[in-house]
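Asks: I'm passing along start37.cif; it holds mmCIF, C-alpha atoms and all ligand atoms.
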```cif
data_coords
loop_
_atom_site.label_atom_id
_atom_site.label_comp_id
_atom_site.auth_asym_id
_atom_site.auth_seq_id
_atom_site.Cartn_x
_atom_site.Cartn_y
_atom_site.Cartn_z
CA MET Z 29 32.24 34.81 -9.58
CA ASN Z 30 30.98 31.29 -9.25
CA ALA Z 31 32.71 27.93 -9.26
CA ILE Z 32 30.65 24.84 -9.95
CA ALA Z 33 31.48 21.28 -10.71
CA LEU Z 34 29.23 19.61 -13.25
CA PRO Z 35 29.39 15.99 -14.36
CA GLN Z 36 30.42 15.70 -18.02
CA ALA Z 37 30.05 13.10 -20.73
CA ASP Z 38 33.21 11.31 -19.60
CA ALA Z 39 32.07 11.68 -15.98
CA ARG Z 40 34.96 14.00 -15.18
CA PRO Z 41 34.00 16.93 -12.93
CA ILE Z 42 34.92 20.20 -14.63
CA LEU Z 43 35.68 23.22 -12.50
CA ARG Z 44 33.93 26.12 -14.20
CA GLU Z 45 34.94 29.66 -13.23
CA ARG Z 46 33.64 32.98 -14.43
CA GLY Z 47 35.62 35.83 -13.00
CA GLN Z 48 38.42 38.20 -13.87
CA HIS Z 49 40.63 36.71 -16.56
CA GLU Z 50 43.93 37.53 -18.23
CA VAL Z 51 43.98 37.09 -22.00
CA PHE Z 52 45.26 38.63 -25.22
CA CYS Z 53 42.74 39.58 -27.89
CA GLY Z 54 42.08 37.91 -31.24
CA LEU Z 55 44.13 40.48 -33.17
CA THR Z 56 47.17 38.40 -32.21
CA GLY Z 57 46.19 35.76 -34.80
CA ILE Z 58 47.15 38.19 -37.57
CA VAL Z 59 50.78 37.53 -36.67
CA TRP Z 60 50.69 33.96 -37.97
CA LEU Z 61 47.78 34.30 -40.43
CA HIS Z 62 49.46 36.99 -42.54
CA ARG Z 63 52.47 34.70 -42.95
CA LYS Z 64 50.25 31.77 -43.91
CA ILE Z 65 47.97 33.39 -46.53
CA GLN Z 66 50.58 35.06 -48.64
CA ASP Z 67 48.34 37.29 -50.77
CA ALA Z 68 46.07 38.48 -47.93
CA PHE Z 69 46.18 41.79 -46.10
CA PHE Z 70 44.75 42.38 -42.63
CA LEU Z 71 43.46 45.89 -41.99
CA VAL Z 72 42.57 46.34 -38.33
CA VAL Z 73 39.99 49.05 -37.80
CA GLY Z 74 40.97 50.09 -34.31
CA SER Z 75 42.87 52.37 -31.98
CA ARG Z 76 46.51 53.17 -31.36
CA THR Z 77 46.49 50.44 -28.70
CA CYS Z 78 45.51 47.87 -31.36
CA ALA Z 79 48.28 49.18 -33.64
CA HIS Z 80 50.87 48.88 -30.86
CA LEU Z 81 49.74 45.38 -29.92
CA ILE Z 82 49.94 44.03 -33.42
CA GLN Z 83 53.18 45.81 -34.28
CA SER Z 84 55.01 44.64 -31.19
CA ALA Z 85 53.60 41.10 -31.32
CA ALA Z 86 54.72 40.71 -34.93
CA GLY Z 87 58.02 42.52 -34.42
CA VAL Z 88 58.07 43.53 -38.08
CA MET Z 89 60.35 46.27 -39.32
CA ILE Z 90 58.69 49.11 -41.14
CA PHE Z 91 60.62 48.63 -44.38
CA ALA Z 92 59.47 44.99 -44.59
CA GLU Z 93 56.12 46.07 -46.16
CA PRO Z 94 54.07 43.91 -43.79
CA ARG Z 95 50.68 42.65 -44.91
CA PHE Z 96 48.83 44.12 -41.98
CA ALA Z 97 48.09 47.63 -40.76
CA THR Z 98 45.73 49.54 -38.52
CA ALA Z 99 43.26 52.16 -39.73
CA ILE Z 100 43.25 54.24 -36.56
CA LEU Z 101 39.91 55.59 -35.44
CA GLN Z 102 40.35 59.21 -34.31
CA ASP Z 103 38.49 61.02 -31.57
CA LYS Z 104 36.15 62.59 -34.11
CA ASP Z 105 35.27 59.13 -35.50
CA LEU Z 106 34.58 57.85 -32.00
CA ALA Z 107 32.45 60.90 -31.26
CA GLY Z 108 30.44 60.28 -34.43
CA LEU Z 109 31.51 63.63 -35.91
CA THR Z 110 32.79 62.12 -39.16
CA ASP Z 111 31.59 59.29 -41.36
CA ALA Z 112 34.02 56.47 -40.51
CA ASN Z 113 32.79 54.51 -43.55
CA GLU Z 114 33.90 57.22 -45.97
CA GLU Z 115 37.27 57.39 -44.27
CA LEU Z 116 37.59 53.60 -44.43
CA ASP Z 117 36.79 53.54 -48.16
CA ARG Z 118 39.48 56.17 -48.75
CA VAL Z 119 42.09 54.20 -46.76
CA VAL Z 120 41.25 50.93 -48.55
CA SER Z 121 41.38 52.52 -52.04
CA ARG Z 122 44.82 53.97 -51.31
CA LEU Z 123 46.02 50.64 -49.93
CA VAL Z 124 44.83 48.55 -52.87
CA LEU Z 125 46.36 51.01 -55.35
CA ARG Z 126 49.70 50.84 -53.56
CA ARG Z 127 49.70 47.07 -53.05
CA PRO Z 128 48.50 45.31 -56.23
CA ASP Z 129 49.73 42.00 -54.72
CA ILE Z 130 46.71 41.98 -52.34
CA LYS Z 131 44.02 39.55 -53.49
CA LEU Z 132 42.15 39.16 -50.22
CA LEU Z 133 41.58 41.98 -47.76
CA PHE Z 134 40.31 41.34 -44.26
CA LEU Z 135 38.69 44.21 -42.37
CA VAL Z 136 39.38 43.21 -38.78
CA GLY Z 137 37.06 44.60 -36.13
CA SER Z 138 38.36 45.68 -32.71
CA CYS Z 139 36.95 46.89 -29.39
CA PRO Z 140 36.76 50.54 -30.57
CA SER Z 141 35.07 49.67 -33.90
CA GLU Z 142 32.56 47.54 -32.01
CA VAL Z 143 31.92 50.21 -29.40
CA ILE Z 144 30.95 52.74 -32.10
CA LYS Z 145 29.03 49.96 -33.90
CA LEU Z 146 30.88 50.38 -37.17
CA ASP Z 147 29.29 47.75 -39.42
CA LEU Z 148 32.32 46.12 -41.04
CA SER Z 149 30.25 43.39 -42.73
CA ARG Z 150 28.42 46.03 -44.75
CA ALA Z 151 31.70 47.81 -45.43
CA ALA Z 152 33.21 44.52 -46.68
CA LEU Z 153 30.25 43.94 -49.03
CA ARG Z 154 30.44 47.49 -50.36
CA LEU Z 155 34.19 47.31 -50.89
CA SER Z 156 34.00 43.84 -52.45
CA ARG Z 157 31.56 45.20 -55.03
CA ALA Z 158 33.85 48.15 -55.74
CA LEU Z 159 37.13 46.23 -55.86
CA GLY Z 160 36.12 42.75 -57.09
CA PRO Z 161 36.93 40.49 -58.72
CA GLN Z 162 40.61 41.47 -58.34
CA VAL Z 163 40.30 41.94 -54.58
CA ARG Z 164 37.93 40.08 -52.33
CA VAL Z 165 37.04 41.84 -49.04
CA LEU Z 166 35.93 39.91 -45.94
CA ASN Z 167 35.54 40.91 -42.33
CA TYR Z 168 35.82 39.35 -38.90
CA SER Z 169 36.21 40.47 -35.32
CA GLY Z 170 39.51 40.34 -33.43
CA SER Z 171 38.04 42.27 -30.52
CA GLY Z 172 39.34 41.53 -27.06
CA ILE Z 173 35.99 41.60 -25.31
CA GLU Z 174 35.45 38.12 -23.83
CA THR Z 175 37.77 36.32 -26.26
CA THR Z 176 41.06 34.47 -26.28
CA PHE Z 177 43.89 35.22 -28.66
CA THR Z 178 43.43 32.07 -30.78
CA GLN Z 179 39.81 32.98 -31.50
CA GLY Z 180 41.05 35.46 -34.09
CA GLU Z 181 42.08 32.56 -36.32
CA ASP Z 182 38.72 30.87 -35.80
CA ALA Z 183 36.83 34.04 -36.73
CA CYS Z 184 39.08 34.61 -39.76
CA LEU Z 185 38.68 31.07 -41.13
CA ALA Z 186 34.94 31.05 -40.44
CA SER Z 187 34.63 34.23 -42.54
CA MET Z 188 36.29 32.38 -45.44
CA VAL Z 189 34.05 29.29 -45.35
CA PRO Z 190 31.21 30.84 -47.41
CA GLU Z 191 33.83 31.65 -50.08
CA LEU Z 192 34.88 28.02 -50.56
CA PRO Z 193 33.81 26.93 -54.04
CA GLU Z 194 31.40 24.03 -54.38
CA SER Z 195 32.15 21.10 -56.61
CA LEU Z 196 29.33 18.70 -57.32
CA GLU Z 197 31.61 15.98 -58.67
CA GLY Z 198 31.17 13.48 -55.89
CA GLU Z 199 34.91 13.21 -55.33
CA ARG Z 200 35.82 12.35 -51.74
CA ASN Z 201 38.47 14.58 -50.30
CA LEU Z 202 39.96 15.49 -46.97
CA LEU Z 203 40.34 19.01 -45.66
CA VAL Z 204 42.89 19.71 -42.93
CA VAL Z 205 41.59 22.77 -41.09
CA GLY Z 206 43.79 25.20 -39.16
CA ALA Z 207 46.80 27.34 -40.07
CA LEU Z 208 49.93 25.19 -39.97
CA PRO Z 209 53.50 26.30 -40.65
CA ASP Z 210 54.44 25.41 -44.25
CA VAL Z 211 57.08 22.94 -43.08
CA VAL Z 212 54.48 20.96 -41.12
CA GLU Z 213 51.97 21.15 -43.96
CA ASP Z 214 54.58 19.70 -46.34
CA GLN Z 215 55.30 16.80 -43.96
CA PHE Z 216 51.59 16.05 -43.59
CA GLN Z 217 51.07 16.28 -47.36
CA ARG Z 218 53.79 13.65 -47.92
CA LEU Z 219 52.20 11.26 -45.42
CA PHE Z 220 48.69 11.72 -46.85
CA ASP Z 221 50.12 11.15 -50.36
CA ALA Z 222 51.74 7.91 -49.20
CA LEU Z 223 48.40 6.82 -47.70
CA GLY Z 224 46.63 7.66 -50.97
CA ILE Z 225 44.28 10.22 -49.33
CA PRO Z 226 43.47 13.31 -51.46
CA VAL Z 227 44.08 16.20 -49.06
CA ARG Z 228 43.76 20.00 -49.18
CA PHE Z 229 44.70 22.49 -46.48
CA PHE Z 230 42.55 25.32 -45.16
CA PRO Z 231 43.57 28.11 -45.04
CA PRO Z 232 45.54 27.76 -48.28
CA ARG Z 233 48.83 29.57 -48.88
CA ARG Z 234 47.17 31.72 -51.55
CA SER Z 235 43.60 32.97 -51.32
CA THR Z 236 43.13 32.25 -55.03
CA GLN Z 237 43.49 28.54 -54.25
CA LEU Z 238 40.58 28.01 -51.90
CA PRO Z 239 39.86 24.29 -51.53
CA PRO Z 240 36.51 23.16 -52.96
CA LEU Z 241 33.81 21.46 -50.90
CA THR Z 242 32.31 18.36 -52.46
CA PRO Z 243 29.44 16.19 -51.21
CA GLY Z 244 32.07 13.77 -49.85
CA THR Z 245 34.32 16.31 -48.08
CA LYS Z 246 35.52 15.22 -44.67
CA PHE Z 247 37.65 17.40 -42.45
CA LEU Z 248 40.17 16.99 -39.68
CA LEU Z 249 40.83 19.85 -37.29
CA ALA Z 250 44.52 20.58 -36.81
CA GLN Z 251 43.83 23.10 -34.02
CA PRO Z 252 41.51 22.75 -31.05
CA PHE Z 253 40.24 26.35 -31.17
CA LEU Z 254 38.20 26.29 -34.38
CA ALA Z 255 34.65 25.80 -33.11
CA SER Z 256 33.01 28.42 -35.38
CA THR Z 257 34.94 27.29 -38.46
CA ALA Z 258 33.98 23.66 -37.87
CA HIS Z 259 30.36 24.68 -37.40
CA ALA Z 260 30.39 26.70 -40.65
CA LEU Z 261 31.90 23.75 -42.55
CA GLU Z 262 29.32 21.36 -41.12
CA GLU Z 263 26.57 23.77 -42.17
CA ARG Z 264 27.91 23.39 -45.70
CA GLY Z 265 27.72 19.60 -45.48
CA ALA Z 266 31.34 18.68 -44.64
CA LYS Z 267 31.79 15.91 -42.05
CA ARG Z 268 34.25 16.29 -39.17
CA LEU Z 269 36.40 13.30 -38.27
CA ALA Z 270 36.79 12.91 -34.50
CA SER Z 271 40.34 12.39 -33.24
CA PRO Z 272 42.85 13.54 -30.64
CA PHE Z 273 44.86 16.49 -31.97
CA PRO Z 274 48.15 15.78 -33.78
CA PHE Z 275 50.62 16.52 -30.98
CA GLY Z 276 53.17 13.88 -30.06
CA VAL Z 277 53.38 10.36 -31.45
CA GLU Z 278 50.11 9.14 -29.99
CA GLY Z 279 47.99 12.12 -31.08
CA THR Z 280 49.51 12.31 -34.56
CA THR Z 281 49.11 8.55 -35.09
CA ALA Z 282 45.45 8.66 -34.02
CA TRP Z 283 44.86 11.70 -36.26
CA PHE Z 284 46.20 9.95 -39.36
CA GLU Z 285 44.38 6.75 -38.40
CA ALA Z 286 41.07 8.65 -38.23
CA ALA Z 287 41.62 9.86 -41.81
CA ALA Z 288 42.78 6.45 -43.00
CA LYS Z 289 39.71 4.75 -41.53
CA ALA Z 290 37.35 7.23 -43.19
CA PHE Z 291 39.07 6.72 -46.55
CA GLY Z 292 39.30 2.92 -46.31
CA VAL Z 293 43.11 2.69 -46.15
CA PRO Z 294 44.17 -0.78 -44.88
CA GLU Z 295 45.66 -0.85 -41.37
CA ALA Z 296 48.86 -2.51 -42.61
CA THR Z 297 49.45 0.35 -45.09
CA VAL Z 298 48.92 2.92 -42.32
CA ALA Z 299 51.35 1.10 -40.04
CA SER Z 300 54.10 0.90 -42.66
CA VAL Z 301 53.68 4.50 -43.88
CA LEU Z 302 53.76 5.98 -40.36
CA ALA Z 303 56.42 3.71 -38.83
CA PRO Z 304 59.62 5.60 -39.87
CA ALA Z 305 58.28 8.97 -38.66
CA GLN Z 306 56.96 7.40 -35.44
CA GLN Z 307 60.37 5.89 -34.80
CA ARG Z 308 62.18 9.20 -35.27
CA ALA Z 309 59.71 10.93 -32.95
CA GLN Z 310 60.09 8.25 -30.25
CA THR Z 311 63.87 8.63 -30.35
CA ALA Z 312 63.58 12.42 -30.02
CA LEU Z 313 61.12 12.10 -27.11
CA GLY Z 314 63.34 9.58 -25.34
CA GLN Z 315 66.05 12.24 -25.06
CA VAL Z 316 63.75 14.69 -23.26
CA ARG Z 317 61.64 12.28 -21.20
CA GLU Z 318 64.10 11.93 -18.36
CA LYS Z 319 64.16 15.72 -17.90
CA LEU Z 320 60.37 15.92 -17.64
CA ALA Z 321 59.19 12.63 -16.12
CA GLY Z 322 57.64 13.15 -12.68
CA LYS Z 323 57.67 16.96 -12.98
CA ARG Z 324 54.40 18.66 -11.99
CA ILE Z 325 52.79 21.06 -14.45
CA PHE Z 326 49.96 23.60 -14.08
CA PHE Z 327 48.16 25.10 -17.09
CA PHE Z 328 46.45 28.49 -16.88
CA PRO Z 329 43.75 28.95 -19.55
CA ASP Z 330 45.06 30.87 -22.55
CA SER Z 331 45.68 29.29 -25.97
CA GLN Z 332 42.98 26.56 -25.98
CA LEU Z 333 45.79 24.09 -26.74
CA GLU Z 334 45.96 23.11 -23.07
CA VAL Z 335 43.98 19.84 -23.08
CA PRO Z 336 45.75 18.11 -26.01
CA LEU Z 337 49.16 19.31 -24.80
CA ALA Z 338 48.43 18.06 -21.29
CA ARG Z 339 47.50 14.69 -22.78
CA PHE Z 340 50.82 14.59 -24.66
CA LEU Z 341 52.89 15.60 -21.61
CA SER Z 342 51.21 13.16 -19.29
CA ARG Z 343 51.11 10.09 -21.53
CA GLU Z 344 54.29 10.45 -23.56
CA LEU Z 345 56.58 12.34 -21.18
CA LYS Z 346 55.19 11.12 -17.87
CA MET Z 347 54.62 14.58 -16.42
CA GLU Z 348 52.14 14.97 -13.57
CA LEU Z 349 49.19 17.24 -14.35
CA VAL Z 350 48.23 19.45 -11.41
CA GLU Z 351 45.52 21.49 -13.17
CA VAL Z 352 44.63 21.86 -16.82
CA GLY Z 353 42.88 25.18 -17.38
CA THR Z 354 41.33 26.05 -20.71
CA PRO Z 355 39.34 29.16 -21.69
CA TYR Z 356 36.62 27.02 -23.31
CA LEU Z 357 36.06 23.31 -23.23
CA HIS Z 358 34.51 22.14 -26.49
CA GLN Z 359 33.39 18.72 -25.31
CA GLU Z 360 32.89 17.35 -28.81
CA HIS Z 361 36.17 18.53 -30.30
CA LEU Z 362 38.26 17.86 -27.20
CA GLY Z 363 36.48 14.68 -26.11
CA PRO Z 364 39.09 12.22 -27.50
CA ASP Z 365 41.95 14.11 -25.77
CA LEU Z 366 39.99 14.61 -22.58
CA ALA Z 367 39.29 10.90 -22.34
CA LEU Z 368 43.03 10.21 -22.33
CA LEU Z 369 43.82 12.47 -19.34
CA PRO Z 370 44.36 10.71 -16.01
CA ALA Z 371 41.09 10.35 -14.11
CA ASN Z 372 42.29 12.48 -11.18
CA THR Z 373 43.41 15.48 -13.27
CA VAL Z 374 41.66 18.74 -12.37
CA VAL Z 375 40.28 20.26 -15.57
CA SER Z 376 39.04 23.84 -15.31
CA GLU Z 377 37.18 25.98 -17.82
CA GLY Z 378 37.17 29.79 -17.77
CA GLN Z 379 39.02 31.72 -15.12
CA ASP Z 380 38.88 33.54 -11.88
CA VAL Z 381 42.50 34.57 -11.94
CA GLU Z 382 43.03 35.29 -8.23
CA ARG Z 383 41.54 31.96 -7.16
CA GLN Z 384 43.53 30.12 -9.76
CA LEU Z 385 46.74 31.85 -8.69
CA ASP Z 386 46.01 30.78 -5.10
CA ARG Z 387 45.59 27.15 -6.24
CA CYS Z 388 48.78 27.35 -8.26
CA ARG Z 389 50.85 28.82 -5.41
CA ALA Z 390 49.50 26.20 -3.01
CA ALA Z 391 50.36 23.37 -5.40
CA LYS Z 392 53.92 24.67 -6.08
CA PRO Z 393 54.20 23.04 -9.52
CA ASP Z 394 57.58 22.60 -11.23
CA LEU Z 395 56.31 24.37 -14.35
CA VAL Z 396 53.46 26.79 -15.07
CA VAL Z 397 52.13 27.36 -18.61
CA CYS Z 398 50.44 30.76 -18.78
CA GLY Z 399 50.00 34.03 -20.63
CA LEU Z 400 52.64 36.77 -20.68
CA GLY Z 401 50.84 38.84 -18.05
CA LEU Z 402 51.14 36.15 -15.39
CA ALA Z 403 54.56 34.76 -16.29
CA ASN Z 404 56.80 37.49 -14.86
CA PRO Z 405 55.07 37.77 -11.46
CA LEU Z 406 55.15 33.98 -11.09
CA GLU Z 407 58.85 33.84 -12.05
CA VAL Z 408 59.55 36.44 -9.34
CA GLU Z 409 57.73 34.18 -6.89
CA GLY Z 410 60.10 31.35 -7.81
CA LEU Z 411 57.97 29.37 -10.25
CA ALA Z 412 59.30 28.30 -13.67
CA THR Z 413 56.97 29.40 -16.47
CA LYS Z 414 56.35 28.78 -20.15
CA TRP Z 415 54.54 31.38 -22.27
CA SER Z 416 51.59 29.69 -23.89
CA ILE Z 417 51.71 32.08 -26.86
CA GLU Z 418 55.06 30.56 -27.85
CA LEU Z 419 53.28 27.27 -28.46
CA VAL Z 420 51.20 28.90 -31.18
CA PHE Z 421 54.13 30.66 -32.87
CA THR Z 422 56.33 27.53 -32.98
CA PRO Z 423 55.88 24.48 -35.26
CA ILE Z 424 54.71 21.82 -32.79
CA HIS Z 425 52.37 19.54 -34.77
CA GLY Z 426 53.19 16.11 -36.10
CA PHE Z 427 55.85 13.46 -35.66
CA GLU Z 428 58.87 15.51 -36.72
CA GLN Z 429 58.13 18.29 -34.25
CA ALA Z 430 57.37 16.04 -31.24
CA GLY Z 431 60.90 16.32 -29.86
CA ASP Z 432 60.95 20.12 -30.26
CA LEU Z 433 57.57 20.35 -28.55
CA ALA Z 434 58.86 18.38 -25.56
CA GLU Z 435 61.99 20.58 -25.46
CA LEU Z 436 59.83 23.69 -25.18
CA PHE Z 437 58.69 22.41 -21.78
CA ALA Z 438 62.12 21.19 -20.69
CA ARG Z 439 63.91 24.49 -21.40
CA PRO Z 440 62.34 26.65 -18.65
CA LEU Z 441 63.15 23.95 -16.09
CA LEU Z 442 66.76 23.87 -17.22
CA ARG Z 443 66.97 27.68 -17.15
CA ARG Z 444 65.69 27.76 -13.59
CA THR Z 445 68.20 25.10 -12.51
CA ARG Z 446 71.00 27.21 -13.98
CA LEU Z 447 69.72 30.35 -12.26
CA MET Z 448 69.71 28.54 -8.94
CA VAL Z 449 73.34 27.38 -9.24
S1 LIG V 501 41.08 44.89 -30.06
FE1 LIG V 501 40.59 45.60 -28.00
S2 LIG V 501 41.87 44.32 -26.64
FE2 LIG V 501 42.71 44.13 -28.72
S3 LIG V 501 44.33 45.69 -28.80
FE3 LIG V 501 42.45 46.63 -29.64
S4 LIG V 501 41.53 47.67 -27.88
FE4 LIG V 501 43.01 46.21 -27.06
#
```
Using structure tokens, write down the structure from this file.
Ligand code: SF4
Replies:
Amino acid sequence: MNAIALPQADARPILRERGQHEVFCGLTGIVWLHRKIQDAFFLVVGSRTCAHLIQSAAGVMIFAEPRFATAILQDKDLAGLTDANEELDRVVSRLVLRRPDIKLLFLVGSCPSEVIKLDLSRAALRLSRALGPQVRVLNYSGSGIETTFTQGEDACLASMVPELPESLEGERNLLVVGALPDVVEDQFQRLFDALGIPVRFFPPRRSTQLPPLTPGTKFLLAQPFLASTAHALEERGAKRLASPFPFGVEGTTAWFEAAAKAFGVPEATVASVLAPAQQRAQTALGQVREKLAGKRIFFFPDSQLEVPLARFLSRELKMELVEVGTPYLHQEHLGPDLALLPANTVVSEGQDVERQLDRCRAAKPDLVVCGLGLANPLEVEGLATKWSIELVFTPIHGFEQAGDLAELFARPLLRRTRLMV
């Protein structure tokens, strides 16, 4: 373990820790990605543990014909006694025959497939040749070794970037990057339409509608955990627009303003298009602010949403930030949010869980945002907690969801008050 404080671009000392950490693996992303890309199937190549994780996280009933499954590696595969590739080809052929609705198949790597060095990129190429053009086969890793659970989405989207078609017509367009619930996507689409900005969303709802990249493509990240995807898009010539992330009124306004500026939309148009939604969001926030103002909150590193959410809670709901932990701090992507945190906020990157628990217990915050593994023990110790994974499963982006997002933090406090009566 080590803990060092280094000066950063915005002169804020960052507490960096490298020790034991508590995280879920990237397979978790399949839960929301399979709902988003409606003709994709996610085949995890893993163990029974992987199958249990994904089944219980998704809570899907067997008769619902889910669009994910696990090809379970047996002892003889792990011992190298059988050819796992042949077995995989057999499983995929059966699957594709049974499910003609599948247009995109992801082979998702896991800890066991990585331990036996099963080369899923070669398997994806081989299967793509055999099954294309009806079914496209891609691969990415959802392995839990040194990852966080939101990295699964990043790896998945990054694997799709080379598939984006190229259009040489110099049309300028905007790409919104990151899986958003359809309801949020529809709201954003309406606002971009009113601003006159041609927008596409990535990932799309159907894999057959991949957005094209043109020489003028600019993109806005909707999620703060997409470092590899952003890098892959930049490699293909797309330009990222810097902005705080679209949480709360302030973040969402800045996010739309960044797009409007890049596309030359007059400020007066932006103000009039956004005003009604801003007003509704302010009203919704006003109803929750009194429950949260002055309350002290501590973030353990988990979802990578911590910095932008801390910015929202501190500036729009007047909560006091005790510590904002994040698994990784992407200075470039998170810079605009980081710059809006109070100067005295402790920001930590990585984790040494025992040390962080000690800091948390000593600070006695009103609310702790953390992973499932830490929540129950902390509740027993008398601390109110919020599961960070819930923030990824719930629509929280944009103006219309700002009130619901604030409520997510108010609810555990209310529950604890009731329990204490
Ligand atoms: S990928 Fe690794 S961490 Fe995730 S469920 Fe499978 S074995 Fe566990």
Asks: Give one line per residue of region 244-355 of chain Z that approaches region 184-200 of chain Z to at most 8 Å, naming the two atoms of the closest pair and their distance in Å to one decimal, counting all atoms listed in the file; sort by chain then ascending residue number and deliver it as a tab-separated table.
Replies:
```
residue	atom	partner	partner_atom	distance
Z:Gly244	CA	Z:Arg200	CA	4.4
Z:Thr245	CA	Z:Arg200	CA	5.6
Z:Lys246	CA	Z:Arg200	CA	7.6
Z:Ser256	CA	Z:Ala186	CA	6.0
Z:Thr257	CA	Z:Ala186	CA	4.2
Z:Ala258	CA	Z:Ala186	CA	7.9
Z:Ala260	CA	Z:Ala186	CA	6.3
Z:Leu261	CA	Z:Val189	CA	6.6
```
Asks: Which residues of chain Z come within 10 Å of ligand LIG 501 (chain V), and for each one, what is the closest pair of atoms and their distance in Å to one decimal, counting only C-alpha atoms and all ligand atoms, sorted by chain and residue number, as CSV?
Replies:
```
residue,atom,partner,partner_atom,distance
Z:Val51,CA,V:LIG501,S2,8.8
Z:Phe52,CA,V:LIG501,S2,6.8
Z:Cys53,CA,V:LIG501,FE2,4.6
Z:Gly54,CA,V:LIG501,FE2,6.7
Z:Leu55,CA,V:LIG501,FE2,5.9
Z:Thr56,CA,V:LIG501,FE2,8.1
Z:Val72,CA,V:LIG501,S1,8.5
Z:Val73,CA,V:LIG501,S1,8.9
Z:Gly74,CA,V:LIG501,FE3,6.0
Z:Ser75,CA,V:LIG501,FE3,6.2
Z:Arg76,CA,V:LIG501,FE3,7.9
Z:Thr77,CA,V:LIG501,S3,5.2
Z:Cys78,CA,V:LIG501,S3,3.6
Z:Ala79,CA,V:LIG501,S3,7.2
Z:His80,CA,V:LIG501,S3,7.6
Z:Leu81,CA,V:LIG501,S3,5.5
Z:Ile82,CA,V:LIG501,S3,7.5
Z:Thr98,CA,V:LIG501,FE3,9.9
Z:Val136,CA,V:LIG501,S1,9.0
Z:Gly137,CA,V:LIG501,S1,7.3
Z:Ser138,CA,V:LIG501,S1,3.9
Z:Cys139,CA,V:LIG501,FE1,4.1
Z:Pro140,CA,V:LIG501,S4,6.2
Z:Ser141,CA,V:LIG501,S1,8.6
Z:Glu142,CA,V:LIG501,S1,9.1
Z:Val143,CA,V:LIG501,FE1,9.9
Z:Ser169,CA,V:LIG501,S1,8.4
Z:Gly170,CA,V:LIG501,S1,5.9
Z:Ser171,CA,V:LIG501,S1,4.0
Z:Gly172,CA,V:LIG501,S2,3.8
Z:Ile173,CA,V:LIG501,S2,6.6
Z:Glu174,CA,V:LIG501,S2,9.4
Z:Thr175,CA,V:LIG501,S2,9.0
Z:Thr176,CA,V:LIG501,S2,9.9
Z:Phe177,CA,V:LIG501,FE2,9.0
```
Asks: Go through Z:Val165, Z:Ala288, Z:Leu433, Z:Leu159 one by one, measure the shortest atom-to-atom distance of each to Arg317 (chain Z) using all atoms listed in the file, and give the residue with the smallest value.
Replies: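 Between Z:Val165, Z:Ala288, Z:Leu433, Z:Leu159, the residue approaching Arg317 (chain Z) most closely is Z:Leu433.
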Asks: Separation of CA of Pro252 (chain Z) and CA of Pro336 (chain Z), in Å?
Replies: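 That distance, rounded to one decimal, is 8.1 Å.
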Asks: Using only C-alpha atoms, which protein or nucleic acid residues come within 8 Å of Leu208 (chain Z)? Drop anything in the same chain fewer than 5 positions from it, and give the result as a PDB file with C-alpha atoms, in the frame of the given file.
Replies:
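To be explicit, this is the file written out as part02.pdb:
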```pdb
ATOM      1  CA  LYS Z  64      50.250  31.770 -43.910  1.00  0.00           C
ATOM      2  CA  GLU Z 213      51.970  21.150 -43.960  1.00  0.00           C
ATOM      3  CA  ALA Z 250      44.520  20.580 -36.810  1.00  0.00           C
ATOM      4  CA  PRO Z 423      55.880  24.480 -35.260  1.00  0.00           C
TER       5      PRO Z 423
END
```
Asks: Restricting the calculation to only C-alpha atoms: of Z:Leu406, Z:Ala371, Z:Cys388, Z:Leu411, which residue gets closest to Leu441 (chain Z)?
Replies: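 Ranked by minimum distance to Leu441 (chain Z), first place goes to Z:Leu411.
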Asks: Residues within 12 Å of Phe340 (chain Z), please, as a ChimeraX atom specification. Count only C-alpha atoms; anything in the same chain fewer than 4 positions from it doesn't count.
Replies: /Z:272-280,313,317,320,333-336,344-349,365-366,368-370,424-426,430-431,433-434,437
Asks: Taking only C-alpha atoms into account, which of Z:Arg63, Z:His259, Z:Arg268, Z:Arg44 comes nearest Ala287 (chain Z)?
Replies: Z:Arg268
Asks: Rounded to one decimal, what separation in Å do you get between CA of Thr422 (chain Z) and CA of Val408 (chain Z)?
Replies: 25.5 Å
Asks: Smallest atom-to-atom distance to Arg387 (chain Z): which of Z:Ile417, Z:Ala112, Z:Val352, Z:Ala151, using all atoms listed in the file?
Replies: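 Residue with the minimum atom-to-atom distance to Arg387 (chain Z): Z:Val352.
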Asks: Which one of Z:Ala158, Z:Leu219, Z:Leu400, Z:Leu202 sits closest to Pro243 (chain Z) if you count only C-alpha atoms?
Replies: Z:Leu202
Asks: If we count all atoms listed in the file, what is near Val120 (chain Z) at a cut-off of 12 Å, once residues fewer than 2 positions away on the same chain are taken out, given as a ChimeraX atom specification?
Replies: /Z:69-73,97-99,113-118,122-128,130,132-135,151-152,154-156,158-159,163-165
